[in-house]
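Novice: run-v7.pdb is reproduced in full below (PDB, C-alpha atoms and all ligand atoms).
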```
ATOM      1  CA  MET A   1      17.494  42.830  -1.062
ATOM      2  CA  SER A   2      16.246  45.728  -3.109
ATOM      3  CA  MET A   3      15.413  45.070  -6.766
ATOM      4  CA  VAL A   4      15.230  48.772  -7.659
ATOM      5  CA  ASP A   5      18.311  50.874  -8.267
ATOM      6  CA  PRO A   6      17.896  53.900  -5.927
ATOM      7  CA  LYS A   7      19.003  56.054  -8.891
ATOM      8  CA  ASP A   8      15.743  55.090 -10.621
ATOM      9  CA  CYS A   9      13.549  55.254  -7.510
ATOM     10  CA  LEU A  10      10.785  57.857  -7.465
ATOM     11  CA  PHE A  11      10.842  58.360  -3.705
ATOM     12  CA  CYS A  12      14.676  58.515  -3.589
ATOM     13  CA  LYS A  13      14.344  61.331  -6.140
ATOM     14  CA  ILE A  14      11.897  63.093  -3.802
ATOM     15  CA  VAL A  15      14.387  62.667  -0.930
ATOM     16  CA  ALA A  16      17.147  64.112  -3.142
ATOM     17  CA  GLY A  17      14.924  67.046  -4.165
ATOM     18  CA  GLU A  18      15.042  66.001  -7.835
ATOM     19  CA  ILE A  19      11.251  65.624  -7.892
ATOM     20  CA  PRO A  20       9.137  68.158  -5.977
ATOM     21  CA  ALA A  21       6.915  67.048  -3.136
ATOM     22  CA  LYS A  22       4.755  68.792  -0.585
ATOM     23  CA  LYS A  23       6.856  68.019   2.478
ATOM     24  CA  VAL A  24       5.116  67.900   5.835
ATOM     25  CA  TYR A  25       7.974  66.789   8.077
ATOM     26  CA  GLU A  26      11.610  65.851   7.750
ATOM     27  CA  ASP A  27      14.332  64.651  10.106
ATOM     28  CA  ALA A  28      17.721  62.998   9.605
ATOM     29  CA  ASN A  29      16.289  59.625   8.591
ATOM     30  CA  SER A  30      12.667  60.124   7.590
ATOM     31  CA  LEU A  31      10.512  62.236   5.316
ATOM     32  CA  ALA A  32       6.750  62.796   5.255
ATOM     33  CA  PHE A  33       4.990  64.342   2.256
ATOM     34  CA  LEU A  34       1.517  64.537   0.750
ATOM     35  CA  ASP A  35       0.435  61.706  -1.501
ATOM     36  CA  ILE A  36      -0.032  63.043  -5.044
ATOM     37  CA  ASN A  37      -3.312  61.059  -5.333
ATOM     38  CA  PRO A  38      -4.828  61.520  -1.889
ATOM     39  CA  ARG A  39      -7.488  59.052  -0.698
ATOM     40  CA  ASN A  40      -8.638  61.851   1.589
ATOM     41  CA  PRO A  41      -7.430  65.397   2.315
ATOM     42  CA  GLY A  42      -4.168  65.213   4.255
ATOM     43  CA  HIS A  43      -3.187  61.735   2.975
ATOM     44  CA  THR A  44       0.502  61.645   3.847
ATOM     45  CA  LEU A  45       3.299  59.211   2.994
ATOM     46  CA  VAL A  46       6.057  58.525   5.509
ATOM     47  CA  ILE A  47       9.291  57.087   4.129
ATOM     48  CA  PRO A  48      12.826  56.340   5.254
ATOM     49  CA  LYS A  49      15.350  58.555   3.457
ATOM     50  CA  LYS A  50      17.480  55.487   2.866
ATOM     51  CA  HIS A  51      16.258  53.237   0.083
ATOM     52  CA  TYR A  52      14.604  50.095   1.394
ATOM     53  CA  GLU A  53      12.139  48.404  -0.877
ATOM     54  CA  THR A  54      10.088  46.721   1.838
ATOM     55  CA  LEU A  55       9.907  46.292   5.600
ATOM     56  CA  PHE A  56      11.721  42.986   5.148
ATOM     57  CA  ASP A  57      14.840  44.851   4.012
ATOM     58  CA  MET A  58      14.908  47.324   6.909
ATOM     59  CA  PRO A  59      16.801  46.791  10.189
ATOM     60  CA  GLU A  60      14.523  46.623  13.252
ATOM     61  CA  ASN A  61      15.922  49.723  14.978
ATOM     62  CA  GLU A  62      15.428  51.822  11.845
ATOM     63  CA  ALA A  63      11.876  50.502  11.532
ATOM     64  CA  GLY A  64      11.281  51.647  15.120
ATOM     65  CA  ASP A  65      12.533  55.157  14.332
ATOM     66  CA  LEU A  66      10.358  55.287  11.222
ATOM     67  CA  PHE A  67       7.271  54.246  13.147
ATOM     68  CA  LYS A  68       7.814  57.126  15.592
ATOM     69  CA  VAL A  69       7.410  59.451  12.611
ATOM     70  CA  VAL A  70       4.288  57.544  11.520
ATOM     71  CA  LYS A  71       2.829  58.142  15.000
ATOM     72  CA  LYS A  72       3.788  61.821  14.832
ATOM     73  CA  MET A  73       2.139  62.174  11.418
ATOM     74  CA  ALA A  74      -0.996  60.412  12.659
ATOM     75  CA  ASP A  75      -1.300  63.136  15.321
ATOM     76  CA  VAL A  76      -0.377  65.948  12.907
ATOM     77  CA  CYS A  77      -2.810  64.770  10.213
ATOM     78  CA  LYS A  78      -5.668  64.198  12.652
ATOM     79  CA  SER A  79      -5.493  67.726  14.014
ATOM     80  CA  GLY A  80      -4.353  69.289  10.705
ATOM     81  CA  VAL A  81      -7.484  68.355   8.761
ATOM     82  CA  LYS A  82      -9.761  67.861  11.789
ATOM     83  CA  ALA A  83     -10.123  64.174  10.963
ATOM     84  CA  ASP A  84     -12.317  61.875  13.030
ATOM     85  CA  GLY A  85      -9.883  58.990  12.618
ATOM     86  CA  ILE A  86      -6.693  57.920  10.878
ATOM     87  CA  SER A  87      -6.016  54.762   8.858
ATOM     88  CA  ILE A  88      -2.433  53.613   8.511
ATOM     89  CA  GLY A  89      -1.559  51.385   5.574
ATOM     90  CA  GLN A  90       1.681  49.793   4.522
ATOM     91  CA  SER A  91       2.131  47.224   1.759
ATOM     92  CA  ASN A  92       5.127  45.005   1.137
ATOM     93  CA  GLY A  93       5.503  43.363  -2.223
ATOM     94  CA  ARG A  94       3.414  43.158  -5.330
ATOM     95  CA  ALA A  95       1.084  40.576  -3.770
ATOM     96  CA  ALA A  96       0.204  43.154  -1.123
ATOM     97  CA  GLY A  97      -0.463  45.813  -3.739
ATOM     98  CA  GLN A  98       2.771  47.774  -3.336
ATOM     99  CA  ILE A  99       3.324  49.936  -6.413
ATOM    100  CA  VAL A 100       6.166  52.292  -5.487
ATOM    101  CA  GLN A 101       9.121  50.117  -4.546
ATOM    102  CA  HIS A 102      10.442  52.300  -1.754
ATOM    103  CA  LEU A 103       9.077  51.454   1.691
ATOM    104  CA  HIS A 104       6.288  53.818   2.716
ATOM    105  CA  PHE A 105       3.496  54.156   5.224
ATOM    106  CA  HIS A 106       0.195  55.722   4.207
ATOM    107  CA  VAL A 107      -1.293  57.963   6.898
ATOM    108  CA  ILE A 108      -4.869  58.577   5.779
ATOM    109  CA  PRO A 109      -7.273  60.908   7.559
ATOM    110  CA  ARG A 110     -10.757  59.405   7.932
ATOM    111  CA  PHE A 111     -14.058  61.141   8.421
ATOM    112  CA  ALA A 112     -17.232  59.989  10.153
ATOM    113  CA  THR A 113     -19.186  60.999   7.049
ATOM    114  CA  GLU A 114     -17.444  58.234   5.029
ATOM    115  CA  GLY A 115     -18.934  55.477   7.147
ATOM    116  CA  PRO A 116     -16.759  53.107   9.176
ATOM    117  CA  VAL A 117     -14.964  51.223   6.399
ATOM    118  CA  GLY A 118     -11.619  49.776   7.438
ATOM    119  CA  LEU A 119      -9.419  47.100   5.867
ATOM    120  CA  GLU A 120     -12.180  44.601   6.593
ATOM    121  CA  GLY A 121     -14.281  46.508   4.078
ATOM    122  CA  VAL A 122     -11.699  45.830   1.378
ATOM    123  CA  LEU A 123     -10.724  42.231   2.115
ATOM    124  CA  PRO A 124     -13.540  39.753   2.693
ATOM    125  CA  VAL A 125     -13.483  37.505   5.761
ATOM    126  CA  LYS A 126     -12.086  34.025   5.066
ATOM    127  CA  LYS A 127     -13.706  31.475   7.362
ATOM    128  CA  MET A 128     -11.113  29.082   8.784
ATOM    129  CA  ASP A 129     -11.634  26.078  11.020
ATOM    130  CA  GLU A 130      -9.923  25.650  14.412
ATOM    131  CA  PRO A 131      -7.291  23.068  13.267
ATOM    132  CA  SER A 132      -6.233  25.329  10.397
ATOM    133  CA  MET A 133      -5.967  28.302  12.743
ATOM    134  CA  ASN A 134      -3.876  26.220  15.163
ATOM    135  CA  LYS A 135      -1.495  25.166  12.379
ATOM    136  CA  ILE A 136      -1.111  28.769  11.342
ATOM    137  CA  VAL A 137      -0.362  30.031  14.858
ATOM    138  CA  GLU A 138       2.197  27.243  15.339
ATOM    139  CA  SER A 139       3.849  28.102  12.048
ATOM    140  CA  LEU A 140       4.007  31.803  12.989
ATOM    141  CA  GLN A 141       5.347  31.030  16.472
ATOM    142  CA  LYS A 142       8.280  29.158  14.895
ATOM    143  CA  GLY A 143       9.307  32.421  13.271
ATOM    144  CA  THR A 144       9.449  34.522  16.425
ATOM    145  CA  SER A 145      11.601  34.568  19.531
ATOM    146  CA  ALA A 146       8.939  36.661  21.283
ATOM    147  CA  LYS A 147       6.465  33.830  21.782
ATOM    148  CA  PRO A 148       3.571  34.393  24.173
ATOM    149  CA  LYS A 149       4.252  32.903  27.644
ATOM    150  CA  GLU A 150       1.435  30.412  27.205
ATOM    151  CA  PRO A 151       1.224  29.533  23.524
ATOM    152  CA  ALA A 152      -2.219  28.604  22.268
ATOM    153  CA  LYS A 153      -2.756  24.869  22.651
ATOM    154  CA  PRO A 154      -4.049  23.209  19.516
ATOM    155  CA  VAL A 155      -7.505  21.720  20.018
ATOM    156  CA  LYS A 156      -6.495  18.797  17.812
ATOM    157  CA  ALA A 157      -2.747  18.086  17.835
ATOM    158  CA  ALA A 158      -1.302  18.026  14.339
ATOM    159  CA  LYS A 159      -0.449  14.439  13.478
ATOM    160  CA  GLU A 160       2.970  13.432  12.223
ATOM    161  CA  GLY A 161       3.053  13.522   8.439
ATOM    162  CA  GLU A 162      -0.257  15.357   8.249
ATOM    163  CA  GLU A 163      -0.763  17.310   5.067
ATOM    164  CA  GLU A 164       0.844  20.738   5.210
ATOM    165  CA  ILE A 165      -1.525  23.647   5.177
ATOM    166  CA  ASP A 166      -1.622  25.685   1.988
ATOM    167  CA  PHE A 167      -1.484  29.340   3.006
ATOM    168  CA  LYS A 168      -2.575  30.488  -0.452
ATOM    169  CA  PHE A 169      -6.205  31.501  -0.632
TER     170      PHE A 169
HETATM  171  P1  LIG A 201       1.469  52.011  -2.966
HETATM  172  O1  LIG A 201       0.334  51.570  -3.813
HETATM  173  O2  LIG A 201       2.821  51.634  -3.512
HETATM  174  O3  LIG A 201       1.307  51.633  -1.503
HETATM  175  O4  LIG A 201       1.355  53.577  -2.938
HETATM  176  C1  LIG A 201       2.140  54.462  -3.665
HETATM  177  C2  LIG A 201       1.577  55.831  -3.430
HETATM  178  O5  LIG A 201       2.485  56.782  -3.957
HETATM  179  C3  LIG A 201       0.234  56.079  -4.142
HETATM  180  O6  LIG A 201      -0.755  56.407  -3.194
HETATM  181  C4  LIG A 201       0.534  57.225  -5.106
HETATM  182  O7  LIG A 201      -0.525  58.146  -5.212
HETATM  183  C5  LIG A 201       1.776  57.843  -4.505
HETATM  184  N1  LIG A 201       2.637  58.495  -5.503
HETATM  185  C6  LIG A 201       3.017  57.948  -6.674
HETATM  186  N2  LIG A 201       3.835  58.809  -7.324
HETATM  187  C7  LIG A 201       3.966  59.906  -6.536
HETATM  188  C8  LIG A 201       4.696  61.137  -6.678
HETATM  189  O8  LIG A 201       5.401  61.398  -7.665
HETATM  190  N3  LIG A 201       4.582  62.028  -5.663
HETATM  191  C9  LIG A 201       3.821  61.764  -4.550
HETATM  192  N4  LIG A 201       3.775  62.734  -3.626
HETATM  193  N5  LIG A 201       3.137  60.618  -4.384
HETATM  194  C10 LIG A 201       3.210  59.702  -5.370
HETATM  195 ZN    ZN A 202      14.125  54.642  -3.087
END
```
Could you quickly redo this structure as structure tokens?

Specialist:
Amino acid sequence: MSMVDPKDCLFCKIVAGEIPAKKVYEDANSLAFLDINPRNPGHTLVIPKKHYETLFDMPENEAGDLFKVVKKMADVCKSGVKADGISIGQSNGRAAGQIVQHLHFHVIPRFATEGPVGLEGVLPVKKMDEPSMNKIVESLQKGTSAKPKEPAKPVKAAKEGEEEIDFKF
């Protein structure tokens, strides 16, 4: 459920034309425009025209349509600014660093001259042991109907009543 009234939403105002934006692409359901504070030349935001705060609020079929536009913009941005690569970023919720509360994908052109810094350059590696990893994969598998045909077998089976893993780091 969205916490922001679309009437007060910055990106809804861009969709409505109440706030100007440098539009790159538009179709019935999606809009792509330049980020006002680009991380690199050509940094583009792709949004659904309908107000959804996060990916969690959006129906799966609409998310699929939106991602087609993300793919299109990845191609357009790569050739448009002669980028060597493209990073795609998308944050859901304050914990993930989302600031504008209208679902958006960042399509960010990347250049060889920057050096190969991806997400792993921003978030440090957190070493986890095998039992912890097994508990996590089991927990994630419970949340999906599209389980792999042969789910990963835990090296050490979780014992009944064993302490629950704390996913907070
Ligand atoms: P977030 O941190 O929520 O993933 O990213 C929000 C993005 O929206 C930021 O990169 C920011 O520069 C961009 N942004 C914020 N306000 C405006 C605006 O009024 N116009 C445009 N084009 N981009 C904006
Ligand atoms: Zn909105």

Novice: Of the candidates A:Val117, A:Val122, A:Leu103, A:Val76, which shows the shortest atom-to-atom distance to ligand ZN 202 (chain A), using all atoms listed in the file?

Specialist: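 Closest to ligand ZN 202 (chain A), using all atoms listed in the file: A:Leu103.
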
Novice: Would you mind reading off the distance between atom O3 of ligand LIG 201 (chain A) and atom CA of Ala96 of chain A, one decimal, in Å?

Specialist: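 Result for atom O3 of ligand LIG 201 (chain A) versus atom CA of Ala96 of chain A: 8.6 Å, one decimal.
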
Novice: Would you list the contacts of Phe67 of chain A as a ChimeraX atom specification, taking every protein, DNA or RNA residue within 12 Å and counting all atoms listed in the file, but skipping same-chain residues closer than 6 positions in sequence?

Specialist: /A:29-32,45-48,55,60-61,73-74,88-90,103-107

Novice: Could you give me, as JSON, numbers by chain, every polymer residue with an atom at most 10 Å away from an atom of ligand ZN 202 (chain A), counting all atoms listed in the file?

Specialist: {"A": [2, 4, 5, 6, 7, 8, 9, 10, 11, 12, 13, 14, 15, 16, 47, 48, 49, 50, 51, 52, 53, 100, 101, 102, 103, 104]}

Novice: Within 7 Å of ligand LIG 201 (chain A), which residues of chain A come that close, and what is the closest atom pair and distance in Å for each? Count all atoms listed in the file and give it as a tab-separated table.

Specialist:
```
residue	atom	partner	partner_atom	distance
A:Leu10	CA	A:LIG201	O8	6.4
A:Ala21	CA	A:LIG201	N4	5.4
A:Lys22	CA	A:LIG201	N4	6.8
A:Phe33	CA	A:LIG201	N4	6.2
A:Leu34	CA	A:LIG201	N4	5.2
A:Asp35	CA	A:LIG201	N4	4.1
A:Ile36	CA	A:LIG201	N5	4.0
A:Asn37	CA	A:LIG201	O7	4.0
A:Pro38	CA	A:LIG201	O7	6.4
A:Gln90	CA	A:LIG201	O3	6.3
A:Ser91	CA	A:LIG201	O3	5.5
A:Gly97	CA	A:LIG201	O1	5.8
A:Gln98	CA	A:LIG201	O2	3.9
A:Ile99	CA	A:LIG201	O2	3.4
A:Val100	CA	A:LIG201	O2	3.9
A:Gln101	CA	A:LIG201	O2	6.6
A:His104	CA	A:LIG201	O3	6.9
```
